[in-house]
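Undergrad: As input, take entry_3.pdb (PDB, C-alpha atoms and all ligand atoms):
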ATOM      1  CA  MET A  53      -3.495   2.298 -44.815
ATOM      2  CA  THR A  54      -2.601   4.193 -41.698
ATOM      3  CA  THR A  55      -4.733   4.669 -38.686
ATOM      4  CA  GLN A  56      -4.431   7.867 -36.799
ATOM      5  CA  GLN A  57      -5.109   8.064 -33.140
ATOM      6  CA  ILE A  58      -7.199  11.046 -32.287
ATOM      7  CA  ARG A  59      -7.345  12.125 -28.698
ATOM      8  CA  VAL A  60     -10.671  13.660 -27.837
ATOM      9  CA  ILE A  61     -10.600  16.107 -24.998
ATOM     10  CA  ALA A  62     -13.822  16.701 -23.156
ATOM     11  CA  CYS A  63     -13.714  19.985 -21.327
ATOM     12  CA  LYS A  64     -15.233  18.472 -18.238
ATOM     13  CA  CYS A  65     -13.625  18.173 -14.860
ATOM     14  CA  PRO A  66     -12.223  14.630 -14.475
ATOM     15  CA  GLN A  67     -13.150  14.724 -10.799
ATOM     16  CA  CYS A  68     -16.694  16.117 -10.704
ATOM     17  CA  GLY A  69     -17.817  16.272 -14.354
ATOM     18  CA  GLN A  70     -18.576  19.997 -14.345
ATOM     19  CA  GLU A  71     -17.512  22.124 -17.258
ATOM     20  CA  LEU A  72     -14.001  23.543 -16.978
ATOM     21  CA  LYS A  73     -13.533  27.309 -17.001
ATOM     22  CA  GLY A  74     -11.158  29.247 -19.184
ATOM     23  CA  ILE A  75     -10.947  32.053 -21.695
ATOM     24  CA  HIS A  76      -9.490  32.163 -25.184
ATOM     25  CA  HIS A  77      -5.827  30.974 -25.260
ATOM     26  CA  ASP A  78      -5.841  29.680 -21.687
ATOM     27  CA  ARG A  79      -3.459  26.800 -21.206
ATOM     28  CA  ILE A  80      -4.723  25.843 -17.762
ATOM     29  CA  LEU A  81      -8.461  25.345 -17.314
ATOM     30  CA  PHE A  82     -10.064  25.508 -13.905
ATOM     31  CA  CYS A  83     -12.739  23.634 -12.006
ATOM     32  CA  TRP A  84     -14.128  26.092  -9.512
ATOM     33  CA  SER A  85     -15.885  23.323  -7.583
ATOM     34  CA  CYS A  86     -12.891  21.052  -7.100
ATOM     35  CA  ASN A  87     -10.502  23.974  -6.775
ATOM     36  CA  ILE A  88      -8.044  22.638  -9.352
ATOM     37  CA  GLY A  89      -6.265  23.828 -12.480
ATOM     38  CA  ILE A  90      -5.836  21.309 -15.283
ATOM     39  CA  ASP A  91      -3.356  21.193 -18.142
ATOM     40  CA  LEU A  92      -5.185  19.277 -20.860
ATOM     41  CA  TYR A  93      -2.404  19.716 -23.405
ATOM     42  CA  VAL A  94      -0.174  17.050 -21.900
ATOM     43  CA  ASN A  95      -0.715  13.327 -21.911
ATOM     44  CA  PRO A  96      -1.544  12.281 -19.261
ATOM     45  CA  ILE A  97      -3.239  15.495 -18.165
ATOM     46  CA  LYS A  98      -1.808  17.311 -15.152
ATOM     47  CA  ILE A  99      -3.871  18.507 -12.233
ATOM     48  CA  TYR A 100      -2.746  21.268  -9.869
ATOM     49  CA  PRO A 101      -4.569  22.189  -6.660
ATOM     50  CA  VAL A 102      -5.216  25.937  -6.580
ATOM     51  CA  GLN A 103      -4.067  27.831  -3.503
ATOM     52  CA  TYR A 104      -5.931  31.072  -2.892
ATOM     53  CA  ALA A 105      -3.715  33.714  -1.359
ATOM     54  CA  LYS A 106      -5.411  36.003   1.119
ATOM     55  CA  SER A 107      -5.158  39.729   0.523
ATOM     56  CA  ASN A 108      -3.352  41.652   3.247
ATOM     57  CA  GLN A 109      -4.586  44.961   1.844
ATOM     58  CA  ASN A 110      -7.296  46.751   3.717
ATOM     59  CA  ARG A 111      -9.432  47.846   0.795
ATOM     60  CA  GLU A 112     -13.129  48.062   0.136
ATOM     61  CA  SER A 113     -12.860  47.526  -3.601
ATOM     62  CA  SER A 114     -13.861  44.245  -5.191
ATOM     63  CA  GLN A 115     -11.156  41.757  -6.036
ATOM     64  CA  ILE A 116     -10.430  39.274  -8.763
ATOM     65  CA  PHE A 117      -8.023  36.356  -8.597
ATOM     66  CA  LEU A 118      -5.327  35.821 -11.204
ATOM     67  CA  PRO A 119      -3.078  32.762 -11.599
ATOM     68  CA  ILE A 120       0.587  32.905 -10.633
ATOM     69  CA  TRP A 121       2.978  29.951 -10.497
ATOM     70  CA  ARG A 122       5.222  29.703  -7.478
ATOM     71  CA  PHE A 123       8.354  27.585  -7.689
ATOM     72  CA  GLU A 124      10.248  26.599  -4.600
ATOM     73  CA  ILE A 125      13.840  26.435  -5.765
ATOM     74  CA  ALA A 126      17.205  25.241  -4.534
ATOM     75  CA  MET A 127      20.031  27.354  -5.839
ATOM     76  CA  SER A 128      23.562  26.073  -6.261
ATOM     77  CA  PHE A 129      26.565  28.001  -7.480
ATOM     78  CA  THR A 130      30.227  27.567  -8.241
ATOM     79  CA  SER A 131      32.828  30.287  -8.550
ATOM     80  CA  GLU A 132      36.549  30.799  -8.091
ATOM     81  CA  ASP A 133      35.728  33.885  -6.073
ATOM     82  CA  SER A 134      35.070  33.040  -2.404
ATOM     83  CA  ASP A 135      33.767  36.543  -1.686
ATOM     84  CA  LYS A 136      31.084  36.124  -4.338
ATOM     85  CA  LEU A 137      30.208  32.696  -2.986
ATOM     86  CA  SER A 138      29.666  33.963   0.539
ATOM     87  CA  LYS A 139      27.499  36.808  -0.777
ATOM     88  CA  LEU A 140      25.450  34.382  -2.853
ATOM     89  CA  GLN A 141      24.874  32.171   0.184
ATOM     90  CA  GLN A 142      23.218  35.083   1.953
ATOM     91  CA  ILE A 143      20.598  35.770  -0.706
ATOM     92  CA  PRO A 144      17.218  34.833   0.733
ATOM     93  CA  LEU A 145      15.749  33.538  -2.512
ATOM     94  CA  LEU A 146      13.456  30.604  -1.967
ATOM     95  CA  HIS A 147      10.450  31.125  -4.206
ATOM     96  CA  VAL A 148      10.376  32.351  -7.775
ATOM     97  CA  TYR A 149       7.033  33.712  -8.939
ATOM     98  CA  ILE A 150       5.983  33.577 -12.586
ATOM     99  CA  ARG A 151       2.608  34.946 -13.614
ATOM    100  CA  GLY A 152       0.347  32.664 -15.623
ATOM    101  CA  PHE A 153      -1.725  35.576 -16.907
ATOM    102  CA  ARG A 154      -0.702  37.915 -19.648
ATOM    103  CA  MET A 155       0.715  41.400 -19.104
ATOM    104  CA  HIS A 156       2.539  43.792 -21.369
ATOM    105  CA  GLY A 157       4.562  46.974 -21.022
ATOM    106  CA  LEU A 158       6.580  45.547 -18.126
ATOM    107  CA  ILE A 159       9.207  48.273 -18.288
ATOM    108  CA  LEU A 160       6.530  50.918 -18.164
ATOM    109  CA  PHE A 161       4.068  49.312 -15.760
ATOM    110  CA  GLY A 162       6.253  47.006 -13.648
ATOM    111  CA  ASP A 163       7.163  43.338 -13.778
ATOM    112  CA  ILE A 164       5.180  41.462 -11.184
ATOM    113  CA  ASN A 165       7.428  38.366 -11.499
ATOM    114  CA  ARG A 166      10.441  40.346 -10.380
ATOM    115  CA  MET A 167       8.581  42.239  -7.688
ATOM    116  CA  LEU A 168       7.103  39.142  -6.044
ATOM    117  CA  THR A 169      10.408  37.277  -6.316
ATOM    118  CA  ALA A 170      12.315  40.224  -4.850
ATOM    119  CA  VAL A 171       9.870  40.739  -1.965
ATOM    120  CA  GLN A 172       9.206  37.033  -1.136
ATOM    121  CA  PRO A 173       5.914  38.058   0.500
ATOM    122  CA  LYS A 174       4.508  36.183   3.462
ATOM    123  CA  MET A 175       1.360  34.501   2.320
ATOM    124  CA  GLU A 176      -1.740  33.284   4.053
ATOM    125  CA  ILE A 177      -3.803  30.731   2.159
ATOM    126  CA  GLU A 178      -7.587  31.210   2.175
ATOM    127  CA  ASN A 179      -9.980  28.427   2.956
ATOM    128  CA  LYS A 180     -12.537  29.929   0.599
ATOM    129  CA  THR A 181     -12.401  29.512  -3.151
ATOM    130  CA  TYR A 182     -13.112  32.062  -5.872
ATOM    131  CA  PRO A 183     -13.376  32.025  -9.640
ATOM    132  CA  VAL A 184      -9.985  32.202 -11.329
ATOM    133  CA  LEU A 185      -9.214  32.410 -15.051
ATOM    134  CA  GLY A 186      -6.630  33.601 -17.516
ATOM    135  CA  CYS A 187      -3.753  31.120 -17.110
ATOM    136  CA  ARG A 188      -1.965  31.197 -20.437
ATOM    137  CA  LYS A 189       1.200  29.474 -19.245
ATOM    138  CA  SER A 190       1.632  25.829 -18.331
ATOM    139  CA  ALA A 191       3.922  25.026 -15.399
ATOM    140  CA  GLU A 192       6.655  24.057 -17.874
ATOM    141  CA  MET A 193       6.301  27.312 -19.821
ATOM    142  CA  ALA A 194       6.465  29.280 -16.578
ATOM    143  CA  ALA A 195       9.505  27.296 -15.408
ATOM    144  CA  GLU A 196      11.414  28.539 -18.458
ATOM    145  CA  CYS A 197      11.233  32.040 -16.947
ATOM    146  CA  ILE A 198      12.803  31.028 -13.613
ATOM    147  CA  ASN A 199      16.405  31.704 -14.613
ATOM    148  CA  ILE A 200      15.904  35.179 -15.999
ATOM    149  CA  THR A 201      13.698  36.234 -13.082
ATOM    150  CA  ALA A 202      16.002  34.813 -10.393
ATOM    151  CA  LEU A 203      19.113  36.232 -12.051
ATOM    152  CA  SER A 204      17.597  39.705 -12.236
ATOM    153  CA  ILE A 205      17.227  39.615  -8.423
ATOM    154  CA  ILE A 206      20.581  37.983  -7.647
ATOM    155  CA  ASP A 207      22.348  40.447  -9.914
ATOM    156  CA  LYS A 208      21.367  43.245  -7.524
ATOM    157  CA  PHE A 209      23.239  41.595  -4.632
ATOM    158  CA  VAL A 210      26.362  40.385  -6.365
ATOM    159  CA  ASP A 211      28.066  40.631  -9.737
ATOM    160  CA  ILE A 212      27.499  37.177 -11.178
ATOM    161  CA  THR A 213      30.175  37.357 -13.852
ATOM    162  CA  GLY A 214      32.168  34.124 -13.708
ATOM    163  CA  VAL A 215      29.621  32.400 -11.467
ATOM    164  CA  THR A 216      27.831  29.236 -12.571
ATOM    165  CA  LEU A 217      24.332  29.125 -11.127
ATOM    166  CA  THR A 218      21.809  26.332 -11.268
ATOM    167  CA  PHE A 219      18.244  26.319 -10.066
ATOM    168  CA  LYS A 220      16.490  23.129  -9.121
ATOM    169  CA  ILE A 221      12.717  23.110  -8.721
ATOM    170  CA  ILE A 222      11.730  21.561  -5.399
ATOM    171  CA  SER A 223       7.985  22.125  -5.717
ATOM    172  CA  THR A 224       5.465  23.847  -7.994
ATOM    173  CA  SER A 225       2.305  25.579  -6.767
ATOM    174  CA  LEU A 226      -0.498  27.219  -8.677
ATOM    175  CA  LEU A 227      -1.553  30.311  -6.755
ATOM    176  CA  ALA A 228      -4.657  32.409  -7.243
ATOM    177  CA  VAL A 229      -3.528  35.884  -6.231
ATOM    178  CA  PRO A 230      -6.056  38.584  -5.306
ATOM    179  CA  PHE A 231      -6.039  41.914  -7.142
ATOM    180  CA  HIS A 232      -8.181  44.825  -5.986
ATOM    181  CA  LEU A 233     -10.035  46.640  -8.727
ATOM    182  CA  GLU A 234      -9.464  50.312  -7.999
ATOM    183  CA  ASN A 235     -10.443  53.201 -10.266
ATOM    184  CA  THR A 236      -6.795  54.033 -10.739
ATOM    185  CA  GLY A 237      -5.556  50.493 -11.460
ATOM    186  CA  LEU A 238      -5.213  46.985 -10.078
ATOM    187  CA  VAL A 239      -3.584  46.655  -6.684
ATOM    188  CA  ASP A 240      -2.135  43.272  -5.824
ATOM    189  CA  GLY A 241      -3.153  41.910  -2.447
ATOM    190  CA  LEU A 242       0.293  40.629  -1.484
ATOM    191  CA  MET A 243       2.512  43.687  -1.866
ATOM    192  CA  GLY A 244       0.056  46.532  -2.436
ATOM    193  CA  TYR A 245       1.634  47.599  -5.719
ATOM    194  CA  GLU A 246      -0.581  49.251  -8.269
ATOM    195  CA  TYR A 247      -0.577  48.250 -11.914
ATOM    196  CA  CYS A 248      -2.262  50.085 -14.750
ATOM    197  CA  HIS A 249      -5.464  48.446 -16.074
ATOM    198  CA  VAL A 250      -4.212  48.443 -19.620
ATOM    199  CA  ALA A 251      -1.175  46.303 -18.712
ATOM    200  CA  PHE A 252      -3.525  43.329 -18.234
ATOM    201  CA  ASP A 253      -4.286  42.202 -21.785
ATOM    202  CA  ASP A 254      -6.958  39.702 -20.806
ATOM    203  CA  LEU A 255      -8.691  41.781 -18.148
ATOM    204  CA  PRO A 256     -11.768  42.688 -20.254
ATOM    205  CA  ALA A 257     -12.217  39.024 -21.286
ATOM    206  CA  ILE A 258     -11.748  37.803 -17.710
ATOM    207  CA  LYS A 259     -14.193  40.348 -16.329
ATOM    208  CA  SER A 260     -16.836  39.521 -18.901
ATOM    209  CA  ALA A 261     -16.340  35.768 -18.350
ATOM    210  CA  LEU A 262     -16.666  36.188 -14.597
ATOM    211  CA  HIS A 263     -19.706  38.375 -15.078
ATOM    212  CA  SER A 264     -21.500  35.990 -17.415
ATOM    213  CA  ASN A 265     -20.145  32.946 -15.550
ATOM    214  CA  THR A 266     -20.172  31.060 -18.821
ATOM    215  CA  ALA A 267     -16.454  31.069 -19.497
TER     216      ALA A 267
HETATM  217 ZN    ZN B 301     -14.418  19.458 -10.564
END
As structure tokens, what does this structure read like?
Ligand SMILES: [Zn+2]
TA:
Amino acid sequence: MTTQQIRVIACKCPQCGQELKGIHHDRILFCWSCNIGIDLYVNPIKIYPVQYAKSNQNRESSQIFLPIWRFEIAMSFTSEDSDKLSKLQQIPLLHVYIRGFRMHGLILFGDINRMLTAVQPKMEIENKTYPVLGCRKSAEMAAECINITALSIIDKFVDITGVTLTFKIISTSLLAVPFHLENTGLVDGLMGYEYCHVAFDDLPAIKSALHSNTA
């Protein structure tokens, strides 16, 4: 006879006991009181403090916060070509941004990972907290996108043929990034770029969860 161990996951915050917030398919659940995101799918569970970025856009429209992972990285490279090496050393890439929320049609609507990573926006962290939902990617899943995102930026500065690049993660942050809900689309509060509503697959579910507050 075999005994199976079954791990029961209570969707309560391990710190305050309140119910965790998330929508269908979310990998990270949030406690809006403790201001944390929790990955319940790993053992032991992982807890990430949420940092709320402040919008630098002067807009009257209401805003929602969406989860984006920010990885501080150290880049190292080897190449026979000293010219390429000196060019690579000048690339100001420090943070790689990978969205936790779902988007589609990146070629058509724009890839926010690339844009944030290319711009490296200055960021002020809010003291206030807001509801945040819709994080479909764990930190590990997001980290798998670091190479392709970083390379797409580096490739613009220097031809990386024959160069061996490695990225080491120094730190991982879970950001809640403000997006302004305009009639024409969603404008991110860090760069002021506008994205079409329909690119955000989970937007209707997030809005209705925020509205009912029973996510
Ligand atoms: Zn809590």
Undergrad: For ligand ZN 301 (chain B), return the neighbouring residues as a compact mmCIF listing (two decimals) with C-alpha atoms, in the coordinates of the input (distance at most 10 Å; all atoms listed in the file).
TA:
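Output file pocket.txt follows:
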# COMPACT_ATOMS: atom_id res chain seq x y z
CA LYS A 64 -15.23 18.47 -18.24
CA CYS A 65 -13.62 18.17 -14.86
CA PRO A 66 -12.22 14.63 -14.48
CA GLN A 67 -13.15 14.72 -10.80
CA CYS A 68 -16.69 16.12 -10.70
CA GLY A 69 -17.82 16.27 -14.35
CA GLN A 70 -18.58 20.00 -14.34
CA GLU A 71 -17.51 22.12 -17.26
CA LEU A 72 -14.00 23.54 -16.98
CA PHE A 82 -10.06 25.51 -13.90
CA CYS A 83 -12.74 23.63 -12.01
CA TRP A 84 -14.13 26.09 -9.51
CA SER A 85 -15.88 23.32 -7.58
CA CYS A 86 -12.89 21.05 -7.10
CA ASN A 87 -10.50 23.97 -6.78
CA ILE A 88 -8.04 22.64 -9.35
CA GLY A 89 -6.26 23.83 -12.48
CA ILE A 90 -5.84 21.31 -15.28
Undergrad: Residues within 10 Å of Lys98 in chain A, please, as a list in words. Count only C-alpha atoms; anything in the same chain fewer than 4 positions from it doesn't count.
TA: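 Once the nearby chain positions are removed, what remains is Ile80, Gly89, Ile90, Asp91, Leu92, Tyr93, Val94, Ser190 and Ala191 of chain A.
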Undergrad: One decimal, Å: what's the distance from CA of Met193 in chain A over to CA of Ile150 in chain A, could you say?
TA: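 Straight-line distance from CA of Met193 in chain A to CA of Ile150 in chain A works out to 9.6 Å.
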Undergrad: Restricting the calculation to only C-alpha atoms: of A:Phe117, A:Tyr182, A:Phe209, A:Tyr100, which residue gets closest to Leu242 in chain A?
TA: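 Among the listed residues, the smallest separation from Leu242 in chain A belongs to A:Phe117.
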Undergrad: Please evaluate the PyMOL selection byres (((chain A and resi 227) around 10) and not hetatm) against the displayed coordinates and give the resulting residues as a ChimeraX atom specification.
TA: /A:89,100-105,117-122,149,151-152,177,184,224-226,228-230
Undergrad: If I take CA of Ala126 in chain A and CA of Leu158 in chain A, how far is one from the other in Å, to one decimal?
TA: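 Separation of CA of Ala126 in chain A and CA of Leu158 in chain A: 26.6 Å.
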Undergrad: My list of candidates is A:Ile143, A:Ile99, A:Ile125, A:Cys197. Which is closest to Arg166 in chain A when distances are computed with all atoms listed in the file?
TA: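 Closest to Arg166 in chain A of all the choices is A:Cys197.
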Undergrad: Rounded to one decimal in Å, what is the spacing between CA of Lys139 in chain A and CA of Val210 in chain A?
TA: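 Atom-to-atom, CA of Lys139 in chain A to CA of Val210 in chain A, that is 6.7 Å.
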Undergrad: Let me make sure I understand: among A:Gly214, A:Gly186, A:Pro256, A:Pro173, which one has the smallest atom-to-atom distance to Leu146 in chain A if we use all atoms listed in the file?
TA: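 That would be A:Pro173, the residue with the smallest distance to Leu146 in chain A.
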Undergrad: Pick the closest to Phe123 in chain A from A:Ala195, A:Met155, A:Cys63, A:Met167: which is it, counting only C-alpha atoms?
TA: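 Closest to Phe123 in chain A, using only C-alpha atoms: A:Ala195.
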Undergrad: Rank nothing, just name the residue among A:Lys220, A:Phe231, A:Phe153, A:Ala202 nearest to Asp78 in chain A, using only C-alpha atoms.
TA: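 Of A:Lys220, A:Phe231, A:Phe153, A:Ala202, the one nearest Asp78 in chain A, counting only C-alpha atoms, is A:Phe153.
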Undergrad: Residues picked by the PyMOL selection byres (((chain A and resi 213) around 12) and not hetatm) here, as a list in words?
TA: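 When the PyMOL selection byres (((chain A and resi 213) around 12) and not hetatm) is applied, the selected residues are Phe129, Thr130, Ser131, Glu132, Asp133, Lys136, Leu137, Leu203, Ile206, Asp207, Val210, Asp211, Ile212, Gly214, Val215, Thr216 and Leu217 of chain A.
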Undergrad: Quick one: of A:Leu160, A:Cys187, A:Leu233, A:Met243, who's nearest to Gln172 in chain A, counting only C-alpha atoms?
TA: A:Met243
Undergrad: Expanded to explicit residues, what is the PyMOL selection byres (((chain A and resi 249) around 12) and not hetatm) for this file, as JSON, numbers by chain?
TA: {"A": [155, 156, 157, 161, 231, 232, 233, 234, 235, 236, 237, 238, 239, 240, 246, 247, 248, 250, 251, 252, 253, 254, 255, 256, 259]}
Undergrad: Quick one: residues within 8 Å of Ile75 in chain A, only C-alpha atoms counted, chain neighbours fewer than 2 positions away excluded, as a count of residues only?
TA: 9
